[in-house]
$ cat start22.txt   # compact mmCIF, C-alpha atoms and all ligand atoms
# COMPACT_ATOMS: atom_id res chain seq x y z
CA MET J 1 64.58 -39.18 -100.51
CA PRO J 2 63.07 -35.66 -100.76
CA MET J 3 61.75 -34.20 -97.51
CA GLN J 4 58.01 -34.36 -96.97
CA ILE J 5 56.81 -31.03 -95.60
CA GLN J 6 54.18 -28.53 -96.69
CA VAL J 7 55.51 -24.99 -96.43
CA VAL J 8 52.65 -22.49 -96.54
CA ASP J 9 53.77 -19.67 -98.79
CA HIS J 10 50.70 -17.45 -98.29
CA PRO J 11 51.85 -13.80 -98.12
CA LEU J 12 50.22 -13.24 -94.71
CA VAL J 13 52.02 -16.27 -93.28
CA GLN J 14 55.38 -15.14 -94.62
CA HIS J 15 54.83 -11.54 -93.45
CA LYS J 16 53.93 -12.59 -89.90
CA LEU J 17 56.88 -14.96 -89.78
CA ALA J 18 59.18 -12.11 -90.84
CA LEU J 19 57.88 -10.00 -87.92
CA LEU J 20 58.41 -12.92 -85.52
CA ARG J 21 62.06 -13.22 -86.53
CA GLU J 22 62.90 -9.66 -85.39
CA ALA J 23 65.46 -9.92 -82.56
CA GLU J 24 63.79 -7.18 -80.52
CA VAL J 25 60.20 -8.43 -80.81
CA SER J 26 58.32 -7.95 -77.52
CA THR J 27 56.67 -10.80 -75.62
CA ASN J 28 53.26 -9.34 -76.34
CA LYS J 29 53.91 -9.07 -80.08
CA PHE J 30 55.51 -12.52 -80.28
CA ARG J 31 52.48 -14.04 -78.56
CA LEU J 32 49.99 -12.24 -80.83
CA LEU J 33 51.89 -13.17 -83.99
CA THR J 34 52.20 -16.79 -82.87
CA ALA J 35 48.43 -17.03 -82.41
CA GLU J 36 47.78 -15.36 -85.78
CA LEU J 37 50.24 -17.60 -87.58
CA ALA J 38 48.77 -20.69 -85.90
CA ARG J 39 45.31 -19.73 -87.17
CA LEU J 40 46.54 -19.39 -90.75
CA LEU J 41 48.55 -22.63 -90.62
CA ALA J 42 45.59 -24.51 -89.11
CA TYR J 43 43.42 -23.24 -91.96
CA GLU J 44 45.83 -24.88 -94.42
CA ALA J 45 46.27 -28.02 -92.33
CA THR J 46 42.50 -28.63 -92.22
CA ARG J 47 42.03 -28.09 -95.95
CA ASP J 48 41.63 -31.83 -96.64
CA LEU J 49 39.03 -32.58 -93.95
CA LEU J 50 36.28 -34.66 -95.51
CA LEU J 51 32.80 -33.21 -96.04
CA GLU J 52 29.42 -34.88 -96.20
CA ASP J 53 26.11 -33.78 -97.61
CA HIS J 54 23.26 -32.63 -95.39
CA VAL J 55 19.87 -31.08 -95.95
CA ILE J 56 18.97 -28.29 -93.53
CA GLN J 57 16.00 -25.99 -93.19
CA GLY J 58 17.09 -22.64 -94.57
CA TRP J 59 15.13 -19.39 -94.66
CA CYS J 60 13.44 -20.34 -97.93
CA GLY J 61 13.05 -24.09 -97.31
CA PRO J 62 15.38 -27.11 -97.48
CA VAL J 63 18.98 -26.38 -98.56
CA ASN J 64 21.71 -28.84 -99.52
CA VAL J 65 24.83 -28.05 -97.49
CA LYS J 66 28.16 -29.67 -96.66
CA LYS J 67 29.45 -30.29 -93.17
CA ILE J 68 32.66 -31.84 -91.85
CA LYS J 69 32.36 -35.61 -91.85
CA GLY J 70 33.09 -38.20 -89.24
CA LYS J 71 36.27 -37.86 -87.26
CA LYS J 72 36.39 -35.41 -84.40
CA LEU J 73 39.50 -33.41 -83.79
CA THR J 74 41.88 -33.28 -80.90
CA VAL J 75 44.46 -30.51 -80.77
CA VAL J 76 47.72 -31.60 -79.13
CA PRO J 77 49.86 -28.72 -77.85
CA ILE J 78 53.37 -29.72 -76.77
CA LEU J 79 54.19 -27.82 -73.55
CA ARG J 80 55.17 -25.18 -73.14
CA ALA J 81 55.52 -23.42 -76.46
CA GLY J 82 52.63 -25.25 -78.15
CA ILE J 83 50.23 -23.45 -75.79
CA GLY J 84 51.09 -20.24 -77.65
CA MET J 85 49.48 -21.67 -80.78
CA LEU J 86 46.40 -23.12 -79.09
CA ASP J 87 44.00 -20.16 -79.16
CA GLY J 88 44.73 -19.52 -82.83
CA VAL J 89 43.83 -23.10 -83.74
CA LEU J 90 40.76 -23.13 -81.49
CA ASP J 91 39.46 -20.02 -83.26
CA LEU J 92 38.91 -22.31 -86.26
CA VAL J 93 37.84 -25.49 -84.44
CA PRO J 94 36.31 -24.25 -81.19
CA SER J 95 34.76 -27.58 -80.21
CA ALA J 96 38.01 -29.58 -80.54
CA LYS J 97 39.11 -31.52 -77.48
CA ILE J 98 42.60 -30.81 -76.20
CA SER J 99 45.27 -33.42 -75.44
CA VAL J 100 48.22 -31.92 -73.58
CA VAL J 101 51.72 -33.38 -73.80
CA GLY J 102 54.54 -32.05 -71.61
CA LEU J 103 58.05 -32.52 -72.98
CA ALA J 104 61.17 -30.57 -72.11
CA ARG J 105 64.21 -30.86 -74.29
CA ASN J 106 67.31 -31.63 -72.24
CA GLU J 107 69.71 -28.85 -73.23
CA GLU J 108 72.73 -31.19 -72.97
CA THR J 109 71.50 -34.32 -74.72
CA LEU J 110 68.77 -32.58 -76.82
CA GLN J 111 66.53 -35.53 -75.93
CA PRO J 112 62.89 -34.78 -74.98
CA GLU J 113 62.05 -35.60 -71.36
CA PRO J 114 58.35 -36.31 -70.76
CA TYR J 115 56.74 -34.72 -67.68
CA PHE J 116 53.01 -34.57 -68.45
CA GLU J 117 50.45 -36.47 -70.51
CA LYS J 118 46.70 -35.93 -70.50
CA LEU J 119 45.16 -37.26 -73.69
CA VAL J 120 41.47 -37.31 -74.57
CA GLY J 121 39.68 -40.62 -75.05
CA ASN J 122 38.73 -42.40 -78.28
CA LEU J 123 41.94 -41.38 -80.00
CA GLU J 124 41.38 -44.14 -82.55
CA ASP J 125 38.38 -42.14 -83.84
CA ARG J 126 40.09 -38.77 -83.96
CA LEU J 127 42.35 -36.67 -86.11
CA ALA J 128 45.16 -35.36 -83.88
CA LEU J 129 46.62 -31.96 -84.80
CA ILE J 130 49.93 -31.60 -82.96
CA ILE J 131 51.03 -27.98 -82.47
CA ASP J 132 54.51 -26.79 -81.53
CA PRO J 133 56.24 -23.68 -82.90
CA MET J 134 59.63 -25.38 -83.37
CA LEU J 135 60.65 -28.63 -85.06
CA ALA J 136 64.40 -28.80 -84.39
CA THR J 137 66.00 -32.26 -83.96
CA GLY J 138 62.51 -33.76 -84.23
CA GLY J 139 62.85 -35.64 -80.93
CA SER J 140 59.86 -33.92 -79.28
CA LEU J 141 57.56 -34.42 -82.25
CA VAL J 142 58.55 -38.08 -82.71
CA ALA J 143 57.99 -38.73 -78.97
CA THR J 144 54.53 -37.11 -79.18
CA ILE J 145 53.54 -39.11 -82.24
CA ASP J 146 54.78 -42.31 -80.52
CA MET J 147 52.61 -41.43 -77.51
CA LEU J 148 49.50 -40.83 -79.64
CA LYS J 149 50.00 -44.01 -81.68
CA ARG J 150 50.44 -46.09 -78.49
CA LYS J 151 46.93 -44.87 -77.54
CA GLY J 152 45.49 -46.00 -80.88
CA CYS J 153 45.55 -42.75 -82.87
CA THR J 154 46.16 -43.40 -86.58
CA ASP J 155 45.37 -40.01 -88.11
CA ILE J 156 47.96 -37.42 -87.08
CA LYS J 157 49.18 -34.13 -88.52
CA ALA J 158 51.77 -31.71 -87.18
CA ILE J 159 51.66 -27.92 -87.44
CA VAL J 160 54.89 -26.06 -86.69
CA MET J 161 55.98 -22.51 -87.39
CA VAL J 162 59.63 -23.21 -88.19
CA ALA J 163 61.21 -26.55 -89.09
CA ALA J 164 64.83 -27.63 -89.48
CA PRO J 165 65.75 -30.18 -92.17
CA GLU J 166 67.22 -32.47 -89.48
CA GLY J 167 63.86 -32.68 -87.68
CA VAL J 168 61.82 -33.10 -90.83
CA ARG J 169 64.04 -36.00 -91.93
CA LEU J 170 63.69 -37.73 -88.56
CA VAL J 171 59.89 -37.40 -88.51
CA ASN J 172 59.64 -38.49 -92.17
CA GLU J 173 61.78 -41.54 -91.37
CA LYS J 174 60.04 -42.60 -88.12
CA HIS J 175 56.50 -41.60 -89.06
CA PRO J 176 56.13 -41.27 -92.85
CA ASP J 177 52.34 -41.22 -92.44
CA VAL J 178 52.36 -37.94 -90.49
CA PRO J 179 52.19 -34.80 -92.66
CA ILE J 180 53.99 -31.68 -91.45
CA VAL J 181 52.64 -28.19 -92.19
CA ALA J 182 55.02 -25.28 -91.55
CA ALA J 183 55.53 -21.58 -92.24
CA SER J 184 59.21 -22.17 -93.02
CA LEU J 185 61.81 -24.83 -93.64
CA ASP J 186 64.96 -23.19 -92.30
CA SER J 187 68.63 -23.84 -93.01
CA HIS J 188 70.07 -26.07 -90.24
CA LEU J 189 70.62 -26.56 -86.51
CA ASN J 190 73.53 -24.92 -84.72
CA GLU J 191 75.80 -26.79 -82.28
CA HIS J 192 73.28 -26.22 -79.45
CA GLY J 193 70.38 -27.67 -81.43
CA TYR J 194 68.83 -24.27 -82.21
CA ILE J 195 67.28 -23.61 -85.59
CA ILE J 196 69.20 -21.21 -87.85
CA PRO J 197 67.92 -18.62 -88.64
CA GLY J 198 64.91 -19.74 -86.55
CA LEU J 199 63.26 -17.63 -83.89
CA GLY J 200 65.45 -18.32 -80.87
CA ASP J 201 63.75 -20.03 -77.92
CA ALA J 202 60.06 -19.90 -78.79
CA GLY J 203 58.87 -21.02 -75.34
CA ASP J 204 60.89 -18.31 -73.61
CA LYS J 205 59.63 -15.67 -76.04
CA ILE J 206 55.98 -16.68 -75.63
CA PHE J 207 56.13 -16.88 -71.84
CA GLY J 208 58.54 -13.97 -71.32
CA THR J 209 61.10 -16.10 -69.46
CA ILE J 210 64.11 -14.86 -71.40
C1 LIG N 1 61.17 -26.60 -77.75
C2 LIG N 1 60.09 -26.54 -78.82
C3 LIG N 1 59.87 -27.99 -79.12
C4 LIG N 1 61.25 -28.57 -78.96
C5 LIG N 1 61.85 -28.75 -80.33
O1 LIG N 1 60.62 -26.86 -76.52
O2 LIG N 1 58.94 -25.87 -78.42
O3 LIG N 1 58.97 -28.63 -78.26
O4 LIG N 1 62.02 -27.64 -78.20
O5 LIG N 1 63.09 -29.36 -80.24
P1 LIG N 1 63.37 -30.81 -80.81
O6 LIG N 1 62.75 -30.87 -82.15
O7 LIG N 1 64.88 -30.85 -80.86
O8 LIG N 1 62.81 -31.81 -79.87
P2 LIG N 1 61.46 -26.97 -75.17
O9 LIG N 1 61.75 -28.41 -74.88
O10 LIG N 1 62.61 -26.04 -75.20
O11 LIG N 1 60.43 -26.56 -74.06
P3 LIG N 1 59.53 -25.26 -73.86
O12 LIG N 1 58.44 -25.32 -74.88
O13 LIG N 1 59.03 -25.45 -72.47
O14 LIG N 1 60.39 -24.02 -73.99
N1 LIG N 2 63.48 -24.95 -79.43
C1 LIG N 2 63.31 -23.64 -79.68
O1 LIG N 2 62.50 -22.98 -78.99
N2 LIG N 2 64.04 -23.07 -80.66
C2 LIG N 2 64.91 -23.76 -81.39
O2 LIG N 2 65.54 -23.19 -82.29
C3 LIG N 2 65.09 -25.13 -81.12
C4 LIG N 2 64.34 -25.71 -80.14

$ encode --input "start22.txt" --output "structure tokens"
Amino acid sequence: MPMQIQVVDHPLVQHKLALLREAEVSTNKFRLLTAELARLLAYEATRDLLLEDHVIQGWCGPVNVKKIKGKKLTVVPILRAGIGMLDGVLDLVPSAKISVVGLARNEETLQPEPYFEKLVGNLEDRLALIIDPMLATGGSLVATIDMLKRKGCTDIKAIVMVAAPEGVRLVNEKHPDVPIVAASLDSHLNEHGYIIPGLGDAGDKIFGTI
């Protein structure tokens, strides 16, 4: 089956991703680019939000306008690296509630180990936008989607900067209803579970813990 992933080919997205891939990129620049890229990817990921008609009082009388309908948003950063994308997404949806999920990938087993979970209420009425720069084996994203679905969330989308085919296949298989929006679908994972060519360790680069 073909992989289900939306790769955003906008020139600004691809240019910023190219700058992020530089080996010598500074922490400051990596952080700024991550936020900028997150903003552009969130713009694409929210393109299909439903609108409804309203009549407002404009300067010259009543005006027919469109506003976002129904479901409220929750943004779900996966700790740590997802925090680097948070401000960029909130620039577009400043009133979104934030559900934080803490997962650390065990470097030996590559399995995600949960250490924090603070989700907002009424998840059944919300669209959840999961943010994490890296989709590698897919274990962390699948665990986060499992967590959200256990709490009743049925409308979930994932925004990542770089995805590996291995991770996309796993998410597609376990959660075919969850769209993935990315800046790039890269080649493969290396023997340590790192994306090639990828970005290296995104969390370390965002937090300066290299
Ligand atoms: C990284 C990344 C993802 C995960 C991807 O986080 O930010 O959350 O690995 O790998 P996977 O698809 O194989 O699960 P990591 O666990 O290294 O933690 P960090 O964000 O604290 O650096
Ligand atoms: N986590 C990262 O930060 N980078 C990878 O390439 C894989 C997992």

$ residues_around --input "start22.txt" --residues "J:Val142" --least-positions-apart "6" --cutoff "12 Å" --atoms "only C-alpha atoms" --output "VMD selection string"
chain J and resid 78 103 111 to 112 130 135 to 136 148 to 149 156 to 158 167 to 178 180

$ residues_around --input "start22.txt" --residues "J:Val7" --least-positions-apart "3" --cutoff "9 Å" --atoms "all atoms listed in the file" --output "number ranges by chain"
J: 180-185

$ residues_near_ligand --input "start22.txt" --ligand "ligand LIG 2 (chain N)" --cutoff "12 Å" --atoms "all atoms listed in the file" --output "ChimeraX atom specification"
/J:21,78-82,84,103-107,110-112,132-141,160-164,166-167,186-207,209-210

$ residues_around --input "start22.txt" --residues "stretch 25-34 of chain J" --least-positions-apart "2" --cutoff "7 Å" --atoms "all atoms listed in the file" --output "PDB file with C-alpha atoms, keeping the file's coordinate frame"
ATOM      1  CA  LYS J  16      53.930 -12.590 -89.900  1.00  0.00           C
ATOM      2  CA  LEU J  20      58.410 -12.920 -85.520  1.00  0.00           C
ATOM      3  CA  GLU J  22      62.900  -9.660 -85.390  1.00  0.00           C
ATOM      4  CA  ALA J  23      65.460  -9.920 -82.560  1.00  0.00           C
ATOM      5  CA  GLU J  36      47.780 -15.360 -85.780  1.00  0.00           C
ATOM      6  CA  LEU J  37      50.240 -17.600 -87.580  1.00  0.00           C
ATOM      7  CA  ALA J  38      48.770 -20.690 -85.900  1.00  0.00           C
ATOM      8  CA  GLY J  84      51.090 -20.240 -77.650  1.00  0.00           C
ATOM      9  CA  MET J  85      49.480 -21.670 -80.780  1.00  0.00           C
ATOM     10  CA  LYS J 205      59.630 -15.670 -76.040  1.00  0.00           C
ATOM     11  CA  ILE J 206      55.980 -16.680 -75.630  1.00  0.00           C
ATOM     12  CA  GLY J 208      58.540 -13.970 -71.320  1.00  0.00           C
TER      13      GLY J 208
END

$ residues_around --input "start22.txt" --residues "J:Arg47" --least-positions-apart "3" --cutoff "12 Å" --atoms "only C-alpha atoms" --output "list in words"
Leu40, Leu41, Ala42, Tyr43, Glu44, Leu50, Leu51, Ile68, Leu92, Lys157 and Val181 of chain J

$ axis_aligned_box --input "start22.txt" --around "ligand LIG 1 (chain N)" --padding-each-side "3 Å" --output "AutoDock Vina command-line options"
--center_x 61.7 --center_y -27.9 --center_z -77.3 --size_x 12.4 --size_y 13.8 --size_z 15.7

$ closest_residue --input "start22.txt" --among "J:Pro77, J:Ile98, J:Pro179, J:Gly121" --to "ligand LIG 1 (chain N)" --atoms "all atoms listed in the file"
J:Pro77

$ atom_distance --input "start22.txt" --atom1 "atom CA of J:Leu73" --atom2 "atom O8 of ligand LIG 1 (chain N)"
23.7 Å

$ closest_residue --input "start22.txt" --among "J:Met147, J:Ser95, J:Ile131, J:Glu24" --to "ligand LIG 1 (chain N)" --atoms "all atoms listed in the file"
J:Ile131

$ atom_distance --input "start22.txt" --atom1 "atom O13 of ligand LIG 1 (chain N)" --atom2 "atom CA of J:Gly152"
26.0 Å

$ closest_residue --input "start22.txt" --among "J:Glu113, J:Leu86, J:Arg39, J:Asp146" --to "ligand LIG 1 (chain N)" --atoms "all atoms listed in the file"
J:Glu113

$ atom_distance --input "start22.txt" --atom1 "atom CA of J:Glu124" --atom2 "atom CA of J:Asp155"
8.0 Å

$ closest_residue --input "start22.txt" --among "J:Gln4, J:Gly70, J:Ile83, J:Val89" --to "ligand LIG 1 (chain N)" --atoms "all atoms listed in the file"
J:Ile83

$ closest_residue --input "start22.txt" --among "J:Val93, J:Leu123, J:Cys60, J:Val101" --to "ligand LIG 1 (chain N)" --atoms "all atoms listed in the file"
J:Val101

$ closest_residue --input "start22.txt" --among "J:Pro62, J:Gly88, J:Pro165, J:Gly102" --to "J:Tyr115" --atoms "only C-alpha atoms"
J:Gly102
